[in-house]
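Participant: Pasting run.cif here (mmCIF, C-alpha atoms):
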```
data_structure
#
loop_
_atom_site.label_atom_id
_atom_site.label_comp_id
_atom_site.auth_asym_id
_atom_site.auth_seq_id
_atom_site.Cartn_x
_atom_site.Cartn_y
_atom_site.Cartn_z
CA MET A 1 4.68 323.32 19.09
CA LYS A 2 6.41 320.15 20.26
CA ARG A 3 7.61 321.77 23.45
CA ALA A 4 4.07 322.99 24.10
CA TYR A 5 2.90 319.39 24.33
CA VAL A 6 5.88 318.50 26.51
CA ALA A 7 5.12 321.40 28.84
CA VAL A 8 1.46 320.39 29.12
CA ALA A 9 2.46 316.79 29.83
CA ALA A 10 4.96 317.96 32.47
CA THR A 11 2.33 320.12 34.16
CA VAL A 12 -0.16 317.26 34.24
CA GLY A 13 2.59 315.02 35.63
CA VAL A 14 3.35 317.44 38.47
CA PHE A 15 -0.34 317.71 39.36
CA LEU A 16 -0.65 313.92 39.39
CA LEU A 17 2.38 313.63 41.67
CA VAL A 18 0.74 316.01 44.15
CA GLN A 19 -2.57 314.12 44.05
CA LEU A 20 -1.06 310.64 44.19
CA GLY A 21 1.24 311.82 46.97
CA ALA A 22 -1.77 313.04 48.94
CA LEU A 23 -3.49 309.67 48.46
CA ALA A 24 -0.35 307.88 49.67
CA LEU A 25 -0.21 310.07 52.79
CA VAL A 26 -3.87 309.81 53.83
CA GLU A 27 -3.58 306.68 55.95
CA PRO A 28 -0.09 307.39 57.40
CA PHE A 29 -1.21 310.87 58.44
CA MET A 30 -4.28 309.49 60.17
CA GLU A 31 -2.27 306.80 61.95
CA ALA A 32 0.18 309.46 63.11
CA GLY A 33 -2.69 311.51 64.58
CA TYR A 34 -2.28 314.47 62.24
CA GLN A 35 -5.99 315.20 61.82
CA THR A 36 -6.23 318.89 62.70
CA VAL A 37 -9.89 319.28 63.74
CA GLU A 38 -12.18 317.52 66.21
CA ASP A 39 -15.20 317.32 63.88
CA PRO A 40 -14.19 316.97 60.20
CA SER A 41 -17.83 317.11 59.11
CA ASP A 42 -18.36 320.64 60.48
CA PRO A 43 -18.75 323.04 57.50
CA THR A 44 -17.46 325.95 59.61
CA ASN A 45 -14.00 324.41 59.28
CA SER A 46 -14.04 325.68 55.70
CA VAL A 47 -14.97 329.18 56.85
CA LEU A 48 -12.03 329.27 59.26
CA TYR A 49 -9.62 328.07 56.60
CA ILE A 50 -10.88 330.60 54.05
CA GLY A 51 -10.44 333.32 56.67
CA ALA A 52 -6.86 332.16 57.22
CA ILE A 53 -6.20 332.36 53.47
CA LEU A 54 -7.53 335.92 53.33
CA VAL A 55 -5.34 336.96 56.27
CA ALA A 56 -2.25 335.30 54.77
CA THR A 57 -2.90 336.97 51.42
CA ALA A 58 -3.24 340.36 53.09
CA VAL A 59 -0.01 339.85 55.05
CA MET A 60 1.92 338.94 51.89
CA LEU A 61 0.54 341.91 49.96
CA VAL A 62 1.50 344.27 52.80
CA ALA A 63 4.97 342.70 53.00
CA LEU A 64 5.48 343.23 49.27
CA LYS A 65 4.12 346.77 49.39
CA PHE A 66 6.52 347.83 52.14
CA GLY A 67 9.49 345.94 50.74
CA VAL A 68 10.00 343.50 53.61
CA ASP A 69 10.73 340.65 51.24
CA GLN A 70 13.03 338.86 53.66
CA LEU A 71 10.23 338.53 56.20
CA LEU A 72 7.94 337.04 53.56
CA GLN A 73 10.71 334.76 52.37
CA GLY A 74 11.33 333.57 55.92
CA LEU A 75 7.65 332.82 56.50
CA ILE A 76 7.34 330.80 53.28
CA VAL A 77 10.53 328.83 53.94
CA PHE A 78 9.35 328.11 57.48
CA ALA A 79 6.03 326.85 56.12
CA SER A 80 7.93 324.70 53.62
CA VAL A 81 10.05 323.11 56.34
CA PHE A 82 7.02 322.65 58.61
CA LEU A 83 4.91 320.91 55.96
CA SER A 84 7.76 318.80 54.65
CA PHE A 85 8.49 317.56 58.18
CA TYR A 86 4.95 316.18 58.39
CA VAL A 87 5.58 314.29 55.15
CA PHE A 88 9.06 313.04 56.00
CA SER A 89 7.98 312.00 59.51
CA VAL A 90 5.67 309.32 58.05
CA VAL A 91 7.85 308.45 55.06
CA ILE A 92 11.29 308.15 56.67
CA PRO A 93 11.62 305.39 59.32
CA ALA A 94 12.28 306.71 62.83
CA VAL A 95 15.69 305.05 63.14
CA VAL A 96 17.00 307.80 65.43
CA THR A 97 14.73 309.82 67.73
CA VAL A 98 15.49 312.65 70.12
CA GLY A 99 12.74 313.94 72.36
CA GLY A 100 10.22 311.93 70.36
CA LEU A 101 11.25 313.57 67.08
CA ASN A 102 12.41 311.62 64.04
CA VAL A 103 15.93 313.02 63.58
CA LEU A 104 16.22 311.94 59.95
CA ALA A 105 12.86 313.57 59.13
CA VAL A 106 13.92 316.78 60.84
CA GLY A 107 17.19 316.73 58.91
CA ALA A 108 15.44 316.17 55.59
CA ALA A 109 13.00 319.01 56.25
CA LEU A 110 15.79 321.39 57.25
CA GLY A 111 17.77 320.31 54.18
CA LEU A 112 14.82 321.23 52.00
CA GLY A 113 14.71 324.67 53.61
CA VAL A 114 18.43 325.18 53.11
CA GLY A 115 18.11 324.15 49.47
CA LEU A 116 15.37 326.73 48.92
CA LEU A 117 17.53 329.47 50.41
CA ALA A 118 20.90 328.48 48.97
CA TYR A 119 20.03 327.13 45.51
CA PRO A 120 16.43 327.81 44.43
CA GLU A 121 16.75 326.33 40.95
CA TRP A 122 13.51 325.31 39.26
CA TYR A 123 13.86 321.60 40.07
CA VAL A 124 14.53 322.38 43.75
CA ILE A 125 11.42 324.56 43.86
CA ASP A 126 9.29 321.98 42.05
CA ALA A 127 10.50 319.15 44.29
CA ALA A 128 9.73 321.21 47.39
CA GLY A 129 6.37 322.22 45.92
CA ILE A 130 5.38 318.59 45.25
CA VAL A 131 6.31 317.56 48.80
CA MET A 132 4.50 320.56 50.29
CA GLY A 133 1.49 320.16 48.01
CA ALA A 134 1.03 316.47 48.75
CA GLY A 135 1.47 317.11 52.47
CA ALA A 136 -0.98 320.01 52.59
CA ALA A 137 -3.59 318.16 50.52
CA GLY A 138 -3.23 315.05 52.67
CA LEU A 139 -3.49 316.96 55.95
CA PHE A 140 -6.54 318.94 54.88
CA GLY A 141 -8.04 315.90 53.16
CA ILE A 142 -8.24 313.94 56.43
CA SER A 143 -9.42 317.05 58.29
CA PHE A 144 -12.16 318.22 55.90
CA GLY A 145 -15.16 315.96 55.51
CA LEU A 146 -16.94 315.78 52.17
CA LEU A 147 -19.29 318.73 52.72
CA PRO A 148 -16.59 321.06 54.14
CA ALA A 149 -14.25 320.07 51.29
CA LEU A 150 -16.88 320.83 48.65
CA VAL A 151 -17.72 324.16 50.31
CA LEU A 152 -14.03 325.03 50.42
CA LEU A 153 -13.51 324.29 46.73
CA VAL A 154 -16.59 326.25 45.61
CA VAL A 155 -15.80 329.34 47.69
CA LEU A 156 -12.13 329.39 46.71
CA ALA A 157 -13.02 329.01 43.03
CA VAL A 158 -15.24 332.09 43.28
CA TYR A 159 -12.58 333.97 45.26
CA ASP A 160 -9.90 333.10 42.71
CA ALA A 161 -12.06 334.37 39.86
CA ILE A 162 -12.72 337.65 41.67
CA SER A 163 -9.06 338.12 42.63
CA VAL A 164 -7.85 337.53 39.06
CA TYR A 165 -10.57 339.06 36.89
CA GLY A 166 -11.89 341.64 39.33
CA THR A 167 -9.52 343.08 41.94
CA GLU A 168 -6.47 341.49 40.24
CA HIS A 169 -4.67 341.40 43.59
CA MET A 170 -3.81 337.72 43.10
CA LEU A 171 -1.92 338.61 39.93
CA THR A 172 -0.10 341.35 41.83
CA LEU A 173 0.81 338.86 44.54
CA ALA A 174 2.01 336.28 42.01
CA SER A 175 4.21 338.84 40.26
CA GLY A 176 5.66 340.00 43.56
CA VAL A 177 6.61 336.61 44.94
CA MET A 178 8.20 335.42 41.69
CA ASP A 179 11.43 337.31 42.42
CA LEU A 180 11.72 335.52 45.77
CA ARG A 181 12.09 332.17 43.96
CA LEU A 182 10.12 330.14 46.48
CA PRO A 183 7.75 327.16 46.12
CA VAL A 184 4.56 329.18 45.89
CA VAL A 185 4.62 328.44 42.18
CA LEU A 186 5.48 325.41 40.08
CA VAL A 187 8.04 326.13 37.36
CA ILE A 188 7.61 324.39 34.01
CA PRO A 189 10.72 324.82 31.83
CA LEU A 190 10.21 324.93 28.07
CA THR A 191 13.88 324.54 27.13
CA LEU A 192 16.55 322.12 28.34
CA SER A 193 18.95 324.98 29.04
CA TYR A 194 16.51 326.94 31.20
CA SER A 195 17.78 328.21 34.56
CA PHE A 196 15.44 329.87 37.03
CA LEU A 197 18.44 331.32 38.88
CA GLU A 198 19.73 333.13 35.81
CA GLU A 199 16.40 334.61 34.80
CA GLU A 200 15.90 338.25 35.70
CA GLY A 201 12.39 339.14 36.73
CA PRO A 202 10.67 335.82 35.98
CA GLU A 203 7.67 336.24 33.73
CA THR A 204 4.43 334.61 34.74
CA ILE A 205 1.71 333.38 32.44
CA SER A 206 -0.35 336.36 33.59
CA ASP A 207 -0.19 339.67 31.76
CA ASP A 208 -0.47 342.15 34.62
CA ASP A 209 3.19 342.64 35.44
CA GLU A 210 3.94 345.49 33.11
CA ASP A 211 5.89 348.44 34.44
CA GLU A 212 4.45 351.84 35.10
CA GLU A 213 5.34 353.19 31.66
CA THR A 214 3.53 350.34 29.95
CA SER A 215 0.48 350.92 32.13
CA GLU A 216 0.45 354.59 31.18
CA ALA A 217 0.78 353.69 27.52
CA GLU A 218 -2.15 351.32 27.72
CA SER A 219 -4.29 354.02 29.31
CA ASP A 220 -3.61 356.33 26.38
CA ASP A 221 -6.39 355.92 23.84
CA THR A 222 -4.01 356.90 21.03
CA GLU A 223 -1.69 353.99 21.69
CA GLU A 224 -2.28 350.64 20.10
CA GLU A 225 -2.88 347.90 22.65
CA GLU A 226 0.02 345.47 22.78
CA GLU A 227 -0.65 341.86 21.96
CA PRO A 228 0.12 339.45 24.83
CA PRO A 229 3.26 337.37 24.32
CA GLU A 230 2.91 333.80 23.14
CA PRO A 231 3.36 331.62 26.26
CA PHE A 232 5.54 329.05 24.52
CA GLU A 233 7.89 331.69 23.14
CA ARG A 234 9.19 331.96 26.71
CA ASP A 235 11.67 329.62 28.33
CA ALA A 236 9.30 328.68 31.15
CA PHE A 237 5.88 329.40 32.55
CA PHE A 238 4.50 329.20 36.05
CA ILE A 239 1.38 327.96 37.79
CA GLY A 240 0.45 328.57 41.41
CA LEU A 241 1.04 325.74 43.87
CA GLY A 242 -2.40 326.37 45.32
CA ASP A 243 -3.92 325.38 41.98
CA ALA A 244 -2.52 321.89 42.54
CA VAL A 245 -3.27 321.70 46.28
CA ILE A 246 -6.87 322.88 46.54
CA PRO A 247 -8.56 320.35 44.21
CA SER A 248 -6.33 317.64 45.71
CA ILE A 249 -7.99 318.24 49.08
CA LEU A 250 -11.23 316.82 47.64
CA VAL A 251 -9.27 313.88 46.18
CA ALA A 252 -7.83 313.02 49.60
CA SER A 253 -11.14 313.64 51.39
CA ALA A 254 -13.00 311.34 48.99
CA ALA A 255 -10.43 308.60 49.61
CA PHE A 256 -10.42 308.98 53.39
CA PHE A 257 -14.09 309.58 54.21
CA ARG A 258 -15.32 307.17 51.50
CA PRO A 259 -18.85 308.42 50.70
CA GLY A 260 -21.45 305.66 50.86
CA ASP A 261 -18.76 303.35 52.24
CA ALA A 262 -17.18 303.18 48.79
CA PRO A 263 -14.68 300.32 48.81
CA LEU A 264 -10.99 301.00 48.48
CA LEU A 265 -9.50 299.96 45.16
CA ASP A 266 -6.62 297.49 45.19
CA VAL A 267 -3.79 299.95 44.53
CA PRO A 268 -0.66 299.24 46.60
CA GLY A 269 0.41 302.18 48.76
CA LEU A 270 -2.54 304.39 47.84
CA ALA A 271 -5.94 304.99 49.41
CA VAL A 272 -8.12 305.17 46.29
CA THR A 273 -11.89 305.00 45.81
CA VAL A 274 -13.86 305.42 42.61
CA PRO A 275 -15.07 308.93 43.65
CA ALA A 276 -11.47 309.93 44.48
CA LEU A 277 -10.31 308.62 41.12
CA GLY A 278 -13.10 310.60 39.47
CA ALA A 279 -11.84 313.75 41.23
CA VAL A 280 -8.32 313.08 39.91
CA LEU A 281 -9.58 312.66 36.36
CA GLY A 282 -11.84 315.71 36.64
CA THR A 283 -8.96 317.85 37.87
CA THR A 284 -6.86 316.66 34.93
CA VAL A 285 -9.58 317.60 32.44
CA GLY A 286 -9.90 321.03 34.06
CA LEU A 287 -6.13 321.45 33.91
CA LEU A 288 -6.03 320.59 30.20
CA VAL A 289 -8.74 323.17 29.49
CA LEU A 290 -6.80 325.73 31.55
CA MET A 291 -3.60 324.98 29.64
CA TRP A 292 -5.44 325.40 26.35
CA MET A 293 -6.63 328.82 27.53
CA VAL A 294 -3.12 329.73 28.69
CA MET A 295 -1.82 328.96 25.20
CA LYS A 296 -3.92 331.91 24.04
CA GLY A 297 -1.53 334.13 25.99
CA ARG A 298 -3.87 335.59 28.60
CA ALA A 299 -4.03 335.37 32.39
CA HIS A 300 -6.69 333.07 33.77
CA ALA A 301 -7.95 332.03 37.18
CA GLY A 302 -7.07 328.39 37.67
CA LEU A 303 -9.37 327.26 40.47
CA PRO A 304 -12.73 327.72 38.70
CA LEU A 305 -11.68 325.15 36.11
CA LEU A 306 -9.61 322.93 38.40
CA ASN A 307 -12.02 322.85 41.33
CA GLY A 308 -14.98 322.61 38.97
CA GLY A 309 -13.38 319.65 37.24
CA ALA A 310 -12.54 317.98 40.55
CA ILE A 311 -16.11 318.38 41.85
CA ALA A 312 -17.69 317.20 38.59
CA GLY A 313 -15.35 314.21 38.41
CA TYR A 314 -15.97 313.35 42.05
CA LEU A 315 -19.76 313.43 41.66
CA LEU A 316 -19.56 311.39 38.45
CA GLY A 317 -17.35 308.86 40.21
CA ALA A 318 -19.86 308.67 43.05
CA LEU A 319 -22.69 308.00 40.60
CA VAL A 320 -20.62 305.28 38.90
CA ALA A 321 -20.03 303.69 42.31
CA GLY A 322 -23.78 303.73 42.98
CA ILE A 323 -23.58 306.32 45.76
CA ALA A 324 -26.59 308.53 46.43
CA LEU A 325 -26.02 312.21 45.74
CA VAL A 326 -27.01 313.16 49.29
CA ASP A 327 -24.26 310.87 50.61
CA ALA A 328 -21.75 312.11 48.05
CA VAL A 329 -22.11 315.74 49.14
CA GLY A 330 -22.10 314.89 52.85
CA LEU A 331 -25.65 315.99 53.57
CA THR A 332 -26.84 312.72 55.12
CA PRO A 333 -26.53 313.99 58.75
CA TYR A 334 -28.74 316.96 57.90
CA VAL A 335 -31.64 315.20 56.17
#
```
Rewrite the structure from the file as structure tokens, please.
Facilitator:
Amino acid sequence: MKRAYVAVAATVGVFLLVQLGALALVEPFMEAGYQTVEDPSDPTNSVLYIGAILVATAVMLVALKFGVDQLLQGLIVFASVFLSFYVFSVVIPAVVTVGGLNVLAVGAALGLGVGLLAYPEWYVIDAAGIVMGAGAAGLFGISFGLLPALVLLVVLAVYDAISVYGTEHMLTLASGVMDLRLPVVLVIPLTLSYSFLEEEGPETISDDDEDEETSEAESDDTEEEEEPPEPFERDAFFIGLGDAVIPSILVASAAFFRPGDAPLLDVPGLAVTVPALGAVLGTTVGLLVLMWMVMKGRAHAGLPLLNGGAIAGYLLGALVAGIALVDAVGLTPYV
């Protein structure tokens, strides 16, 4: 049971690193001109992003179905290098530049990509995931106003629930990409000797990755249904990187767009407001509830709890800061 508490603490720590990293990147990203949309308050930005997620999911499922794993691996590594360059470009001083590019930042991003291809051990994947997660949350946080961010979190929470409990295609995708050993998941070891490289067919915390024979056995009414394995009897478990990124978008948005002109708290190196802090705390509460459910040994959709916690914490933080609800949800321009 001791390692269960350690694993929960490690998971919470990784989520906090992503969220605090996003808060640290908010202002540098804006100063660097990395805001990706002309009108961050436009709710249709969320619709476009959700459409992009659906297309990307379909592409990955097709790639897995037809066995073109190398193509999928290349796309994910490219995205990792691309996102990490954005982070390193504002973190690493531009001591040497060529054609306007920060050479050290380019080198660090390429090094991350090489590490993922050459030695995808769990700590390499987690380090890359934290950099990517903080970068993605920071970029979308300064590009999605409060209303678009809230719309995005609500719609993706519903989509995640449908894809896990209904169509189950998200579980199929998670099982398929595990063998690629790429930073689409965060790896939480439960033993000191654990090696992601040595594990054959990594086992996720979901229970849908049985082979065909097991599926046939379960469909036979005469067979006794197998009990799901205890999560902490394994050497590691896994949680999707998107579960850390999506609620962090609201955290970054609340810090950057500052509903009701909420003052920035005096935290060196971080852009933090009370509503943003509330979103961080709410996400953490949602994560703890999710981990408690995972300990029961069943697959669960993460975003309903995580996004729900982030939204509830954000709104509570706004109320504590004395911000009107209409301002907190970004509806002021429409009323």
Participant: By how many Å are CA of Ile125 in chain A and CA of Asp179 in chain A apart?
Facilitator: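 Computing the Euclidean distance for CA of Ile125 in chain A and CA of Asp179 in chain A yields 12.8 Å.
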Participant: Just the number, please: distance in Å from CA of Glu121 in chain A to CA of Phe82 in chain A, one decimal.
Facilitator: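 If I compute the distance from CA of Glu121 in chain A to CA of Phe82 in chain A, I get 20.5 Å.
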Participant: What is the distance between CA of Leu241 in chain A and CA of Asp160 in chain A, in Å to one decimal?
Facilitator: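 Computed distance, CA of Leu241 in chain A to CA of Asp160 in chain A, equals 13.2 Å.
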Participant: Using only C-alpha atoms, which of A:Ala128, A:Leu139, A:Val106, A:Val155 sits nearest Leu54 in chain A?
Facilitator: A:Val155
Participant: Using only C-alpha atoms, pick whichever of A:Tyr314, A:Val77, A:Ile142, A:Pro268 has the shortest atom-to-atom distance to Glu27 in chain A.
Facilitator: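 Distance minimum relative to Glu27 in chain A lands on A:Ile142.
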Participant: Which residue, A:Leu104, A:Gly21, A:Gly286, A:Phe85, has the smallest gap to Leu270 in chain A when you use all atoms listed in the file?
Facilitator: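 Of all the options, A:Gly21 lies closest to Leu270 in chain A.
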Participant: Can you tell me which residues surround range 273-284 of chain A at a distance of at most 6 Å, considering only C-alpha atoms, apart from same-chain residues fewer than 5 positions away, and format the answer as a list in words?
Facilitator: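 Neighbouring residues, sequence-local ones excluded: Val251, Ala254, Ala255, Leu264, Leu265, Leu306, Gly309, Ala310, Gly313, Tyr314, Gly317 and Ala318 of chain A.
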Participant: Would you mind exporting the chosen residues as a PDB file, in the coordinates of the input, restricted to C-alpha atoms?
Facilitator:
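Result written to part.pdb:
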```pdb
ATOM      1  CA  VAL A 251      -9.270 313.880  46.180  1.00  0.00           C
ATOM      2  CA  ALA A 254     -13.000 311.340  48.990  1.00  0.00           C
ATOM      3  CA  ALA A 255     -10.430 308.600  49.610  1.00  0.00           C
ATOM      4  CA  LEU A 264     -10.990 301.000  48.480  1.00  0.00           C
ATOM      5  CA  LEU A 265      -9.500 299.960  45.160  1.00  0.00           C
ATOM      6  CA  LEU A 306      -9.610 322.930  38.400  1.00  0.00           C
ATOM      7  CA  GLY A 309     -13.380 319.650  37.240  1.00  0.00           C
ATOM      8  CA  ALA A 310     -12.540 317.980  40.550  1.00  0.00           C
ATOM      9  CA  GLY A 313     -15.350 314.210  38.410  1.00  0.00           C
ATOM     10  CA  TYR A 314     -15.970 313.350  42.050  1.00  0.00           C
ATOM     11  CA  GLY A 317     -17.350 308.860  40.210  1.00  0.00           C
ATOM     12  CA  ALA A 318     -19.860 308.670  43.050  1.00  0.00           C
TER      13      ALA A 318
END
```
Participant: Carefully work through the PyMOL selection byres ((chain A and resi 187-191) around 12) for this structure and note down the residues it includes, as number ranges by chain.
Facilitator: A: 1-15, 120-130, 178, 181-186, 192-197, 199, 202-205, 231-241
Participant: Go ahead and save the picked residues with C-alpha atoms, as a PDB file, keeping the file's coordinate frame.
Facilitator:
```pdb
ATOM      1  CA  MET A   1       4.680 323.320  19.090  1.00  0.00           C
ATOM      2  CA  LYS A   2       6.410 320.150  20.260  1.00  0.00           C
ATOM      3  CA  ARG A   3       7.610 321.770  23.450  1.00  0.00           C
ATOM      4  CA  ALA A   4       4.070 322.990  24.100  1.00  0.00           C
ATOM      5  CA  TYR A   5       2.900 319.390  24.330  1.00  0.00           C
ATOM      6  CA  VAL A   6       5.880 318.500  26.510  1.00  0.00           C
ATOM      7  CA  ALA A   7       5.120 321.400  28.840  1.00  0.00           C
ATOM      8  CA  VAL A   8       1.460 320.390  29.120  1.00  0.00           C
ATOM      9  CA  ALA A   9       2.460 316.790  29.830  1.00  0.00           C
ATOM     10  CA  ALA A  10       4.960 317.960  32.470  1.00  0.00           C
ATOM     11  CA  THR A  11       2.330 320.120  34.160  1.00  0.00           C
ATOM     12  CA  VAL A  12      -0.160 317.260  34.240  1.00  0.00           C
ATOM     13  CA  GLY A  13       2.590 315.020  35.630  1.00  0.00           C
ATOM     14  CA  VAL A  14       3.350 317.440  38.470  1.00  0.00           C
ATOM     15  CA  PHE A  15      -0.340 317.710  39.360  1.00  0.00           C
ATOM     16  CA  PRO A 120      16.430 327.810  44.430  1.00  0.00           C
ATOM     17  CA  GLU A 121      16.750 326.330  40.950  1.00  0.00           C
ATOM     18  CA  TRP A 122      13.510 325.310  39.260  1.00  0.00           C
ATOM     19  CA  TYR A 123      13.860 321.600  40.070  1.00  0.00           C
ATOM     20  CA  VAL A 124      14.530 322.380  43.750  1.00  0.00           C
ATOM     21  CA  ILE A 125      11.420 324.560  43.860  1.00  0.00           C
ATOM     22  CA  ASP A 126       9.290 321.980  42.050  1.00  0.00           C
ATOM     23  CA  ALA A 127      10.500 319.150  44.290  1.00  0.00           C
ATOM     24  CA  ALA A 128       9.730 321.210  47.390  1.00  0.00           C
ATOM     25  CA  GLY A 129       6.370 322.220  45.920  1.00  0.00           C
ATOM     26  CA  ILE A 130       5.380 318.590  45.250  1.00  0.00           C
ATOM     27  CA  MET A 178       8.200 335.420  41.690  1.00  0.00           C
ATOM     28  CA  ARG A 181      12.090 332.170  43.960  1.00  0.00           C
ATOM     29  CA  LEU A 182      10.120 330.140  46.480  1.00  0.00           C
ATOM     30  CA  PRO A 183       7.750 327.160  46.120  1.00  0.00           C
ATOM     31  CA  VAL A 184       4.560 329.180  45.890  1.00  0.00           C
ATOM     32  CA  VAL A 185       4.620 328.440  42.180  1.00  0.00           C
ATOM     33  CA  LEU A 186       5.480 325.410  40.080  1.00  0.00           C
ATOM     34  CA  LEU A 192      16.550 322.120  28.340  1.00  0.00           C
ATOM     35  CA  SER A 193      18.950 324.980  29.040  1.00  0.00           C
ATOM     36  CA  TYR A 194      16.510 326.940  31.200  1.00  0.00           C
ATOM     37  CA  SER A 195      17.780 328.210  34.560  1.00  0.00           C
ATOM     38  CA  PHE A 196      15.440 329.870  37.030  1.00  0.00           C
ATOM     39  CA  LEU A 197      18.440 331.320  38.880  1.00  0.00           C
ATOM     40  CA  GLU A 199      16.400 334.610  34.800  1.00  0.00           C
ATOM     41  CA  PRO A 202      10.670 335.820  35.980  1.00  0.00           C
ATOM     42  CA  GLU A 203       7.670 336.240  33.730  1.00  0.00           C
ATOM     43  CA  THR A 204       4.430 334.610  34.740  1.00  0.00           C
ATOM     44  CA  ILE A 205       1.710 333.380  32.440  1.00  0.00           C
ATOM     45  CA  PRO A 231       3.360 331.620  26.260  1.00  0.00           C
ATOM     46  CA  PHE A 232       5.540 329.050  24.520  1.00  0.00           C
ATOM     47  CA  GLU A 233       7.890 331.690  23.140  1.00  0.00           C
ATOM     48  CA  ARG A 234       9.190 331.960  26.710  1.00  0.00           C
ATOM     49  CA  ASP A 235      11.670 329.620  28.330  1.00  0.00           C
ATOM     50  CA  ALA A 236       9.300 328.680  31.150  1.00  0.00           C
ATOM     51  CA  PHE A 237       5.880 329.400  32.550  1.00  0.00           C
ATOM     52  CA  PHE A 238       4.500 329.200  36.050  1.00  0.00           C
ATOM     53  CA  ILE A 239       1.380 327.960  37.790  1.00  0.00           C
ATOM     54  CA  GLY A 240       0.450 328.570  41.410  1.00  0.00           C
ATOM     55  CA  LEU A 241       1.040 325.740  43.870  1.00  0.00           C
TER      56      LEU A 241
END
```
Participant: Could you check the closest approach to Val151 in chain A for each of A:Leu23, A:Ala94, A:Leu75, A:Ile50 and tell me which residue wins, using all atoms listed in the file?
Facilitator: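 Closest candidate: A:Ile50.
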Participant: Nearest residue to Ile249 in chain A out of A:Gly99, A:His300, A:Leu319, A:Gly135, using only C-alpha atoms?
Facilitator: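 Checking each candidate against Ile249 in chain A, we get A:Gly135 as the closest.
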Participant: Could you pull the residues within 12 Å of Leu305 in chain A, counting all atoms listed in the file, minus those fewer than 5 positions along the same chain, as a list in words?
Facilitator: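 In the requested format, the answer is Leu153, Val154, Leu156, Ala157, Val158, Asp160, Ala161, Asp243, Ala244, Ile246, Pro247, Gly282, Thr283, Thr284, Val285, Gly286, Leu287, Leu288, Val289, Leu290, Met291, Trp292, Met293, His300, Ala310, Ile311, Ala312 and Gly313 of chain A.
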